[in-house]
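Everything below concerns the one structure shown next.
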Amino acid sequence: MTAQRTQPDLLYSEEEEALRAAVRDLLADHCDAQGVIARTESGVPHDPAAWKALTDGMGLAGLLVPEAQGGQGATHREAAVVLEELGRAVAPVPYLSSAVVATEALLECGDAELLGRLASGRTVGVLAVALHRAPGTSFPAVRLENGTVHGELTGIADAAAADVLLVPAEDGRLYAVEASEATVTPQTSLDLTRPLATVTLNGARARGLGAAEPAVRRALRAGAGLLVSEQLGLADWALTETVRYLKERKQFNRPVGGFQALKHRLAQLWLETVNLRAAARNAADALATGVDVDVSVAVAQAYAAPVAVHAAEEALQLHAGIGMTWEHPIHLCLKRAKADSIAYGTAGAHRSAVAGLVGLQAP
């Protein structure tokens with residue numbers, strides 16, 4: 001029987017606010033909007049300098065890893081704060097893929113050696129399961145022959161940045177494969193800051209880690225739960241920037257933000273963002289405490305994607321002509337929000353999951 005939380009903690013602690021300030025300052029130096037846009041135009045979408053600053057400088061890659069295994073021994077609440085700030089900056093770093101999803105899979109398998117490598121940030125790990133797979137759903141597996149793996153997996157986020165791939169095989173186990181032994185082919189991605197790729201394995205050497213199904217389920221659940229915090233960061237940035245712009249832009253010699261119709265739209269967006277913050281904090285707290293996790297994550301994901309997309313769309317429309325330009329970072333926000341709306345399951349899939357979890361079946 002699952003324990004019930006009587007009062008989830010939705011507030012930020014002083015330590016979490018201090019962590020937020022430090023991460024925001026770091027990203028202001030390494031992930032300014034024009035720098036991120038320029039990187040999306042290059043052949044190297046990931047930012048190794050920003051990743052090194054986050055990992056070597058602040059030790060954030062090991063937040064979820066126990067101290068005994070080389071990590072920080074923090075919780076999902078702290079990781080959620082980091083992801084909020086990464087969402088605000090649309091930072092092109094594999095934090096969610098490596099420091100959350102791959103790390104959670106390894107925590108389930110109990111591989112201390114590889115966990116320590118990921119916790120240091122010097123090794124980037126990626127779970128070779130398509131980004132759109134929801135927690136608890138089936139996933140493709142590769143063929144295992146004489147200690148080597150064979151097959152092709154598509155839609156793998158951040159595979160281009162990976163040093164090691166965590167690959168599920170048909171024998172029901174999860175295997176570690178060095179990325180140098182795989183062929184990674186970029187796919188056309190809407191979100192250029194979190195690119196997708198096809199991973200082809202043709203006789204790559206593999207090391208067994210543990211049972212694949214529980215590891216993948218745990219990893220995708222944590223990914224879905226903490227993705228909500230990234231979506232919160234996106235929505236909050238879109239709202240803040242839109243309010244700032246409408247206060248400055250004038251029409252008929254008065255600030256555009258003073259028009260009643262726009263005030264109503266901004267007020268509605270503010271209400272949605274506040275509710276999203278509550279859902280994100282509830283999911284992070286549930287993951288940290290281990291109580292009501294499945295329901296909290298599914299409820300948060302069912303609400304998050306529409307709000308993040310709506311916030312980005314409103315920001316683009318209310319910025320008028322400048323919002324349509326490549327030079328303005330709104331398009332980065334909108335593309336990430338749209339891509340996130342199908343990551344780790346769609347809102348519809350999570351609504352169905354909620355119905356099943358609480359016994360609320362369709363008529």
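A note on labels: chains of the structure tokens are A, B, ... as shown, every chain counts residues from 1, and ligands are counted from 1 in their shown order.
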
Env of segment 194-205 of chain A: 9 Å cut, atoms = only C-alpha atoms, seq-sep filter 6 positions within chain, self excluded. Answer as a PDB file with N, CA and C atoms, in the first residue's frame.
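Once everything was written out, this is out-v2.pdb:
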ATOM      1  N   PRO A  45      25.451  21.709 -31.599  1.00  0.00           N
ATOM      2  CA  PRO A  45      24.401  22.361 -30.814  1.00  0.00           C
ATOM      3  C   PRO A  45      24.652  22.362 -29.306  1.00  0.00           C
ATOM      4  N   HIS A  46      25.350  21.352 -28.789  1.00  0.00           N
ATOM      5  CA  HIS A  46      25.615  21.319 -27.360  1.00  0.00           C
ATOM      6  C   HIS A  46      26.748  22.273 -26.989  1.00  0.00           C
ATOM      7  N   ALA A  91      18.945  26.218 -22.225  1.00  0.00           N
ATOM      8  CA  ALA A  91      20.379  25.898 -22.267  1.00  0.00           C
ATOM      9  C   ALA A  91      20.627  24.623 -23.065  1.00  0.00           C
ATOM     10  N   PRO A  92      21.561  24.663 -24.017  1.00  0.00           N
ATOM     11  CA  PRO A  92      21.853  23.482 -24.836  1.00  0.00           C
ATOM     12  C   PRO A  92      22.853  22.553 -24.157  1.00  0.00           C
ATOM     13  N   VAL A  93      22.457  21.986 -23.024  1.00  0.00           N
ATOM     14  CA  VAL A  93      23.296  21.052 -22.272  1.00  0.00           C
ATOM     15  C   VAL A  93      22.482  19.794 -21.968  1.00  0.00           C
ATOM     16  N   PRO A  94      23.147  18.631 -21.858  1.00  0.00           N
ATOM     17  CA  PRO A  94      22.411  17.358 -21.664  1.00  0.00           C
ATOM     18  C   PRO A  94      22.123  17.055 -20.199  1.00  0.00           C
ATOM     19  N   ALA A 128      19.227   5.057 -24.068  1.00  0.00           N
ATOM     20  CA  ALA A 128      18.873   4.888 -25.481  1.00  0.00           C
ATOM     21  C   ALA A 128      17.422   4.444 -25.627  1.00  0.00           C
ATOM     22  N   ALA A 130      13.662   6.298 -26.870  1.00  0.00           N
ATOM     23  CA  ALA A 130      13.170   7.473 -27.580  1.00  0.00           C
ATOM     24  C   ALA A 130      12.564   8.488 -26.616  1.00  0.00           C
ATOM     25  N   LEU A 131      12.773   9.768 -26.906  1.00  0.00           N
ATOM     26  CA  LEU A 131      12.346  10.848 -26.023  1.00  0.00           C
ATOM     27  C   LEU A 131      10.838  10.848 -25.795  1.00  0.00           C
ATOM     28  N   VAL A 142      17.452  -3.880 -28.410  1.00  0.00           N
ATOM     29  CA  VAL A 142      18.369  -4.367 -29.444  1.00  0.00           C
ATOM     30  C   VAL A 142      18.670  -5.848 -29.226  1.00  0.00           C
ATOM     31  N   LEU A 144      21.110  -9.068 -28.694  1.00  0.00           N
ATOM     32  CA  LEU A 144      22.382  -9.376 -28.034  1.00  0.00           C
ATOM     33  C   LEU A 144      22.947 -10.667 -28.595  1.00  0.00           C
ATOM     34  N   GLU A 145      24.221 -10.616 -29.035  1.00  0.00           N
ATOM     35  CA  GLU A 145      24.889 -11.801 -29.575  1.00  0.00           C
ATOM     36  C   GLU A 145      26.324 -11.834 -29.087  1.00  0.00           C
ATOM     37  N   GLY A 147      27.862 -11.155 -26.364  1.00  0.00           N
ATOM     38  CA  GLY A 147      28.374  -9.990 -25.644  1.00  0.00           C
ATOM     39  C   GLY A 147      28.406  -8.714 -26.449  1.00  0.00           C
ATOM     40  N   THR A 148      27.868  -8.736 -27.657  1.00  0.00           N
ATOM     41  CA  THR A 148      27.785  -7.521 -28.470  1.00  0.00           C
ATOM     42  C   THR A 148      26.319  -7.255 -28.813  1.00  0.00           C
ATOM     43  N   VAL A 149      26.006  -5.999 -29.109  1.00  0.00           N
ATOM     44  CA  VAL A 149      24.613  -5.624 -29.383  1.00  0.00           C
ATOM     45  C   VAL A 149      24.473  -5.164 -30.835  1.00  0.00           C
ATOM     46  N   HIS A 150      23.283  -5.440 -31.383  1.00  0.00           N
ATOM     47  CA  HIS A 150      22.990  -5.132 -32.779  1.00  0.00           C
ATOM     48  C   HIS A 150      21.583  -4.559 -32.859  1.00  0.00           C
ATOM     49  N   GLY A 151      21.439  -3.456 -33.603  1.00  0.00           N
ATOM     50  CA  GLY A 151      20.112  -2.889 -33.791  1.00  0.00           C
ATOM     51  C   GLY A 151      20.163  -1.392 -34.002  1.00  0.00           C
ATOM     52  N   GLU A 152      18.973  -0.826 -34.177  1.00  0.00           N
ATOM     53  CA  GLU A 152      18.860   0.616 -34.427  1.00  0.00           C
ATOM     54  C   GLU A 152      17.764   1.185 -33.548  1.00  0.00           C
ATOM     55  N   LEU A 153      18.079   2.296 -32.905  1.00  0.00           N
ATOM     56  CA  LEU A 153      17.142   2.981 -32.018  1.00  0.00           C
ATOM     57  C   LEU A 153      17.017   4.423 -32.472  1.00  0.00           C
ATOM     58  N   THR A 154      15.798   4.922 -32.591  1.00  0.00           N
ATOM     59  CA  THR A 154      15.577   6.267 -33.128  1.00  0.00           C
ATOM     60  C   THR A 154      15.012   7.197 -32.058  1.00  0.00           C
ATOM     61  N   GLY A 155      15.132   8.508 -32.337  1.00  0.00           N
ATOM     62  CA  GLY A 155      14.563   9.513 -31.454  1.00  0.00           C
ATOM     63  C   GLY A 155      15.259   9.647 -30.116  1.00  0.00           C
ATOM     64  N   ILE A 156      16.568   9.397 -30.087  1.00  0.00           N
ATOM     65  CA  ILE A 156      17.326   9.434 -28.826  1.00  0.00           C
ATOM     66  C   ILE A 156      17.839  10.853 -28.603  1.00  0.00           C
ATOM     67  N   ALA A 157      17.370  11.491 -27.545  1.00  0.00           N
ATOM     68  CA  ALA A 157      17.762  12.874 -27.259  1.00  0.00           C
ATOM     69  C   ALA A 157      19.184  12.940 -26.727  1.00  0.00           C
ATOM     70  N   ASP A 158      19.937  13.922 -27.213  1.00  0.00           N
ATOM     71  CA  ASP A 158      21.295  14.218 -26.761  1.00  0.00           C
ATOM     72  C   ASP A 158      22.292  13.093 -27.014  1.00  0.00           C
ATOM     73  N   ALA A 159      21.955  12.172 -27.910  1.00  0.00           N
ATOM     74  CA  ALA A 159      22.883  11.071 -28.198  1.00  0.00           C
ATOM     75  C   ALA A 159      24.200  11.589 -28.770  1.00  0.00           C
ATOM     76  N   ALA A 160      24.149  12.720 -29.476  1.00  0.00           N
ATOM     77  CA  ALA A 160      25.365  13.278 -30.073  1.00  0.00           C
ATOM     78  C   ALA A 160      26.363  13.728 -29.022  1.00  0.00           C
ATOM     79  N   ALA A 176      25.633  -1.130 -20.921  1.00  0.00           N
ATOM     80  CA  ALA A 176      26.415   0.088 -21.160  1.00  0.00           C
ATOM     81  C   ALA A 176      27.262  -0.119 -22.403  1.00  0.00           C
ATOM     82  N   VAL A 177      27.157   0.822 -23.334  1.00  0.00           N
ATOM     83  CA  VAL A 177      27.911   0.772 -24.589  1.00  0.00           C
ATOM     84  C   VAL A 177      28.639   2.098 -24.756  1.00  0.00           C
ATOM     85  N   GLU A 178      29.920   2.051 -24.984  1.00  0.00           N
ATOM     86  CA  GLU A 178      30.666   3.278 -25.244  1.00  0.00           C
ATOM     87  C   GLU A 178      30.163   3.905 -26.547  1.00  0.00           C
ATOM     88  N   GLU A 181      31.586   3.283 -30.040  1.00  0.00           N
ATOM     89  CA  GLU A 181      31.324   2.045 -30.776  1.00  0.00           C
ATOM     90  C   GLU A 181      29.976   2.063 -31.484  1.00  0.00           C
ATOM     91  N   ALA A 182      29.247   3.169 -31.368  1.00  0.00           N
ATOM     92  CA  ALA A 182      27.944   3.297 -32.019  1.00  0.00           C
ATOM     93  C   ALA A 182      28.021   4.328 -33.135  1.00  0.00           C
ATOM     94  N   THR A 183      27.127   4.214 -34.080  1.00  0.00           N
ATOM     95  CA  THR A 183      26.988   5.224 -35.129  1.00  0.00           C
ATOM     96  C   THR A 183      25.799   6.098 -34.782  1.00  0.00           C
ATOM     97  N   VAL A 184      26.071   7.379 -34.565  1.00  0.00           N
ATOM     98  CA  VAL A 184      25.029   8.330 -34.171  1.00  0.00           C
ATOM     99  C   VAL A 184      24.745   9.245 -35.354  1.00  0.00           C
ATOM    100  N   THR A 185      23.522   9.160 -35.872  1.00  0.00           N
ATOM    101  CA  THR A 185      23.126   9.934 -37.047  1.00  0.00           C
ATOM    102  C   THR A 185      22.088  10.972 -36.643  1.00  0.00           C
ATOM    103  N   PRO A 186      22.394  12.266 -36.810  1.00  0.00           N
ATOM    104  CA  PRO A 186      21.424  13.301 -36.405  1.00  0.00           C
ATOM    105  C   PRO A 186      20.116  13.179 -37.164  1.00  0.00           C
ATOM    106  N   GLN A 187      19.003  13.419 -36.455  1.00  0.00           N
ATOM    107  CA  GLN A 187      17.691  13.495 -37.072  1.00  0.00           C
ATOM    108  C   GLN A 187      17.245  14.952 -37.111  1.00  0.00           C
ATOM    109  N   THR A 188      16.306  15.242 -38.007  1.00  0.00           N
ATOM    110  CA  THR A 188      15.755  16.591 -38.052  1.00  0.00           C
ATOM    111  C   THR A 188      14.937  16.829 -36.790  1.00  0.00           C
ATOM    112  N   ARG A 336      11.307  24.650 -27.847  1.00  0.00           N
ATOM    113  CA  ARG A 336      11.540  23.771 -26.709  1.00  0.00           C
ATOM    114  C   ARG A 336      10.213  23.371 -26.061  1.00  0.00           C
ATOM    115  N   ALA A 339       8.523  20.794 -28.299  1.00  0.00           N
ATOM    116  CA  ALA A 339       9.214  19.506 -28.220  1.00  0.00           C
ATOM    117  C   ALA A 339       8.960  18.843 -26.870  1.00  0.00           C
TER     118      ALA A 339
END

Using only C-alpha atoms, tabulate the residues of segment 36-101 of chain A lying at most 7 Å from any atom of segment 216-226 of chain A, each with its closest atom pair and that distance in Å to one decimal, by chain and increasing residue number, as a tab-separated table.
residue	atom	partner	partner_atom	distance
A:Ala80	CA	A:Leu226	CA	5.7
A:Leu96	CA	A:Gly223	CA	6.9
A:Val100	CA	A:Gly223	CA	6.4
A:Val101	CA	A:Ala219	CA	4.7

Produce a table with one row for each residue of segment 37-129 of chain A that has an atom at most 10 Å from any atom of segment 278-283 of chain A, each row naming the nearest atom pair and its distance in Å at one decimal; use only C-alpha atoms; arrange rows by chain and rising residue number; format as CSV.
residue,atom,partner,partner_atom,distance
A:His76,CA,A:Ala283,CA,9.0
A:Arg77,CA,A:Arg281,CA,7.5
A:Ala80,CA,A:Arg281,CA,7.9
A:Val81,CA,A:Arg281,CA,9.2
A:Glu84,CA,A:Ala280,CA,9.6

Could you take the residues named above and write them with C-alpha atoms, as a compact mmCIF listing (two decimals), in the first residue's frame?
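The result, stored in again_37.txt:
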# COMPACT_ATOMS: atom_id res chain seq x y z
CA HIS A 76 14.96 15.93 -6.82
CA ARG A 77 13.89 19.26 -5.33
CA ALA A 80 14.16 20.73 -10.19
CA VAL A 81 15.49 24.19 -9.33
CA GLU A 84 13.87 25.63 -13.96

Near Ala267 of chain A, counting only C-alpha atoms, which residues have an atom at most 12 Å away, once you skip same-chain residues fewer than 6 positions from it, shown as a ChimeraX atom specification?
-> /A:239-240,242-243,257,260-261,273-274,311,314

Let me see the file: selected residues, C-alpha atoms, as a PDB file, in the first residue's frame.
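What ended up in result_26.pdb:
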ATOM      1  CA  LEU A 239       5.583  35.682 -19.057  1.00  0.00           C
ATOM      2  CA  THR A 240       8.307  37.861 -17.519  1.00  0.00           C
ATOM      3  CA  THR A 242       6.278  39.685 -22.290  1.00  0.00           C
ATOM      4  CA  VAL A 243       5.296  41.845 -19.314  1.00  0.00           C
ATOM      5  CA  GLY A 257       0.544  46.893 -21.426  1.00  0.00           C
ATOM      6  CA  GLN A 260      -7.365  46.152 -20.819  1.00  0.00           C
ATOM      7  CA  ALA A 261      -7.531  43.307 -23.332  1.00  0.00           C
ATOM      8  CA  THR A 273       2.036  29.752 -14.564  1.00  0.00           C
ATOM      9  CA  VAL A 274       1.345  29.878 -10.816  1.00  0.00           C
ATOM     10  CA  ALA A 311       2.961  30.913 -22.650  1.00  0.00           C
ATOM     11  CA  GLU A 314       1.367  34.347 -26.188  1.00  0.00           C
TER      12      GLU A 314
END

So how far away is atom CA of Asp47 of chain A from atom CA of Tyr245 of chain A, in Å?
->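 These two atoms are separated by 28.4 Å.
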
Among segment 159-307 of chain A, which residues carry a DSSP assignment of strand (DSSP E or B), reported as JSON, numbers by chain?
-> {"A": [164, 165, 166, 167, 168, 169, 173, 174, 175, 176, 177, 178, 183, 184, 185, 186, 196, 197, 198, 199, 200, 201, 202, 203, 204, 205, 207, 208, 209, 210, 211, 250, 251, 254, 255]}

Check the DSSP output for the backbone and give back, as JSON, numbers by chain, the residues of segment 136-267 of chain A in alpha helix (DSSP H).
-> {"A": [212, 213, 214, 215, 216, 217, 218, 219, 220, 221, 222, 223, 224, 225, 226, 227, 228, 229, 230, 231, 232, 233, 234, 235, 236, 237, 238, 239, 240, 241, 242, 243, 244, 245, 246, 247, 248, 260, 261, 262, 263, 264, 265, 266, 267]}

For Gly348 of chain A, work out the shell of residues within 9 Å, counting only C-alpha atoms and skipping chain neighbours fewer than 4 positions away, then give it as JSON, numbers by chain.
-> {"A": [302, 352, 353]}

Requested write-out: C-alpha atoms of the selected residues, as a PDB file, in the first residue's frame:
ATOM      1  CA  ALA A 302      -0.962  16.458 -17.878  1.00  0.00           C
ATOM      2  CA  SER A 352      -5.098   8.543 -19.191  1.00  0.00           C
ATOM      3  CA  ALA A 353      -2.478   7.436 -16.672  1.00  0.00           C
TER       4      ALA A 353
END

What is the atom CA of Gly125 of chain A to atom CA of Val90 of chain A distance in Å?
->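 Between these atoms lies a distance of 20.0 Å.
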
Pick out the residues sitting within 7 Å of Arg88 of chain A, and hand them over as an MDAnalysis selection string; count only C-alpha atoms, and ignore anything fewer than 4 positions along from it in its own chain.
-> chainID A and resid 84 233:234 237

Which value, in Å to one decimal, gives the distance between atom CA of Gly43 of chain A and atom CA of Val228 of chain A?
-> 28.5 Å

Name all residues at most 9 Å from Gly70 of chain A (count only C-alpha atoms; drop same-chain ones fewer than 3 positions away) and give them as a ChimeraX atom specification.
-> /A:62,65-67,73,112,115-117,119-120

Residue subset to file, keeping all heavy atoms, as a PDB file, in the first residue's frame:
ATOM      1  N   GLY A  62      25.984  15.614 -10.272  1.00  0.00           N
ATOM      2  CA  GLY A  62      25.854  14.561  -9.265  1.00  0.00           C
ATOM      3  C   GLY A  62      24.847  14.854  -8.185  1.00  0.00           C
ATOM      4  O   GLY A  62      24.898  14.238  -7.111  1.00  0.00           O
ATOM      5  N   VAL A  65      23.075  11.734  -7.027  1.00  0.00           N
ATOM      6  CA  VAL A  65      23.952  10.606  -6.700  1.00  0.00           C
ATOM      7  C   VAL A  65      24.393  10.715  -5.243  1.00  0.00           C
ATOM      8  O   VAL A  65      24.825  11.776  -4.801  1.00  0.00           O
ATOM      9  CB  VAL A  65      25.183  10.588  -7.630  1.00  0.00           C
ATOM     10  CG1 VAL A  65      26.098   9.417  -7.290  1.00  0.00           C
ATOM     11  CG2 VAL A  65      24.741  10.516  -9.091  1.00  0.00           C
ATOM     12  N   PRO A  66      24.306   9.629  -4.472  1.00  0.00           N
ATOM     13  CA  PRO A  66      24.748   9.670  -3.074  1.00  0.00           C
ATOM     14  C   PRO A  66      26.218  10.068  -2.945  1.00  0.00           C
ATOM     15  O   PRO A  66      27.031   9.798  -3.841  1.00  0.00           O
ATOM     16  CB  PRO A  66      24.524   8.233  -2.589  1.00  0.00           C
ATOM     17  CG  PRO A  66      23.476   7.681  -3.505  1.00  0.00           C
ATOM     18  CD  PRO A  66      23.727   8.327  -4.832  1.00  0.00           C
ATOM     19  N   GLU A  67      26.550  10.693  -1.832  1.00  0.00           N
ATOM     20  CA  GLU A  67      27.920  11.141  -1.614  1.00  0.00           C
ATOM     21  C   GLU A  67      28.907   9.980  -1.637  1.00  0.00           C
ATOM     22  O   GLU A  67      30.039  10.125  -2.104  1.00  0.00           O
ATOM     23  CB  GLU A  67      28.021  11.888  -0.282  1.00  0.00           C
ATOM     24  CG  GLU A  67      27.282  13.218  -0.266  1.00  0.00           C
ATOM     25  CD  GLU A  67      27.468  13.956   1.046  1.00  0.00           C
ATOM     26  OE1 GLU A  67      28.607  14.011   1.537  1.00  0.00           O
ATOM     27  OE2 GLU A  67      26.469  14.472   1.581  1.00  0.00           O
ATOM     28  N   GLY A  73      24.526  14.013  -3.127  1.00  0.00           N
ATOM     29  CA  GLY A  73      23.578  13.510  -2.154  1.00  0.00           C
ATOM     30  C   GLY A  73      22.386  14.429  -1.938  1.00  0.00           C
ATOM     31  O   GLY A  73      21.803  14.453  -0.850  1.00  0.00           O
ATOM     32  N   ALA A 112      28.005   1.458  -9.398  1.00  0.00           N
ATOM     33  CA  ALA A 112      28.710   2.553  -8.723  1.00  0.00           C
ATOM     34  C   ALA A 112      29.780   3.183  -9.609  1.00  0.00           C
ATOM     35  O   ALA A 112      29.973   4.408  -9.588  1.00  0.00           O
ATOM     36  CB  ALA A 112      29.334   2.049  -7.428  1.00  0.00           C
ATOM     37  N   LEU A 115      28.111   5.392 -12.236  1.00  0.00           N
ATOM     38  CA  LEU A 115      27.464   6.494 -11.532  1.00  0.00           C
ATOM     39  C   LEU A 115      28.468   7.572 -11.162  1.00  0.00           C
ATOM     40  O   LEU A 115      28.205   8.772 -11.312  1.00  0.00           O
ATOM     41  CB  LEU A 115      26.783   5.983 -10.260  1.00  0.00           C
ATOM     42  CG  LEU A 115      25.298   5.661 -10.316  1.00  0.00           C
ATOM     43  CD1 LEU A 115      24.841   5.095  -8.990  1.00  0.00           C
ATOM     44  CD2 LEU A 115      24.473   6.876 -10.691  1.00  0.00           C
ATOM     45  N   GLY A 116      29.617   7.145 -10.661  1.00  0.00           N
ATOM     46  CA  GLY A 116      30.654   8.108 -10.300  1.00  0.00           C
ATOM     47  C   GLY A 116      31.138   8.906 -11.495  1.00  0.00           C
ATOM     48  O   GLY A 116      31.392  10.112 -11.385  1.00  0.00           O
ATOM     49  N   ARG A 117      31.233   8.248 -12.644  1.00  0.00           N
ATOM     50  CA  ARG A 117      31.663   8.954 -13.849  1.00  0.00           C
ATOM     51  C   ARG A 117      30.641   9.999 -14.273  1.00  0.00           C
ATOM     52  O   ARG A 117      30.996  11.125 -14.641  1.00  0.00           O
ATOM     53  CB  ARG A 117      31.900   7.953 -14.977  1.00  0.00           C
ATOM     54  CG  ARG A 117      33.150   7.099 -14.812  1.00  0.00           C
ATOM     55  CD  ARG A 117      33.169   5.930 -15.796  1.00  0.00           C
ATOM     56  NE  ARG A 117      33.056   6.378 -17.184  1.00  0.00           N
ATOM     57  CZ  ARG A 117      32.890   5.551 -18.209  1.00  0.00           C
ATOM     58  NH1 ARG A 117      32.784   4.241 -17.981  1.00  0.00           N
ATOM     59  NH2 ARG A 117      32.812   6.023 -19.440  1.00  0.00           N
ATOM     60  N   ALA A 119      28.434  11.413 -12.274  1.00  0.00           N
ATOM     61  CA  ALA A 119      28.348  12.429 -11.224  1.00  0.00           C
ATOM     62  C   ALA A 119      29.425  13.494 -11.374  1.00  0.00           C
ATOM     63  O   ALA A 119      29.208  14.660 -11.026  1.00  0.00           O
ATOM     64  CB  ALA A 119      28.441  11.778  -9.849  1.00  0.00           C
ATOM     65  N   SER A 120      30.576  13.116 -11.898  1.00  0.00           N
ATOM     66  CA  SER A 120      31.657  14.075 -12.092  1.00  0.00           C
ATOM     67  C   SER A 120      31.371  15.030 -13.243  1.00  0.00           C
ATOM     68  O   SER A 120      31.961  16.117 -13.319  1.00  0.00           O
ATOM     69  CB  SER A 120      32.977  13.335 -12.366  1.00  0.00           C
ATOM     70  OG  SER A 120      32.953  12.745 -13.662  1.00  0.00           O
TER      71      SER A 120
END

Minimum-distance residue to Tyr175 of chain A, chosen among A:His132, A:Arg207, A:Arg122, A:Arg39 (using only C-alpha atoms) |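 Among A:His132, A:Arg207, A:Arg122, A:Arg39, it is A:Arg207 that comes nearest to Tyr175 of chain A.
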
Tell me which protein, DNA and RNA residues are within 12 Å of segment 316-325 of chain A, counting only C-alpha atoms, leaving out same-chain ones fewer than 4 positions away, and put them as a count of residues only.
-> 31
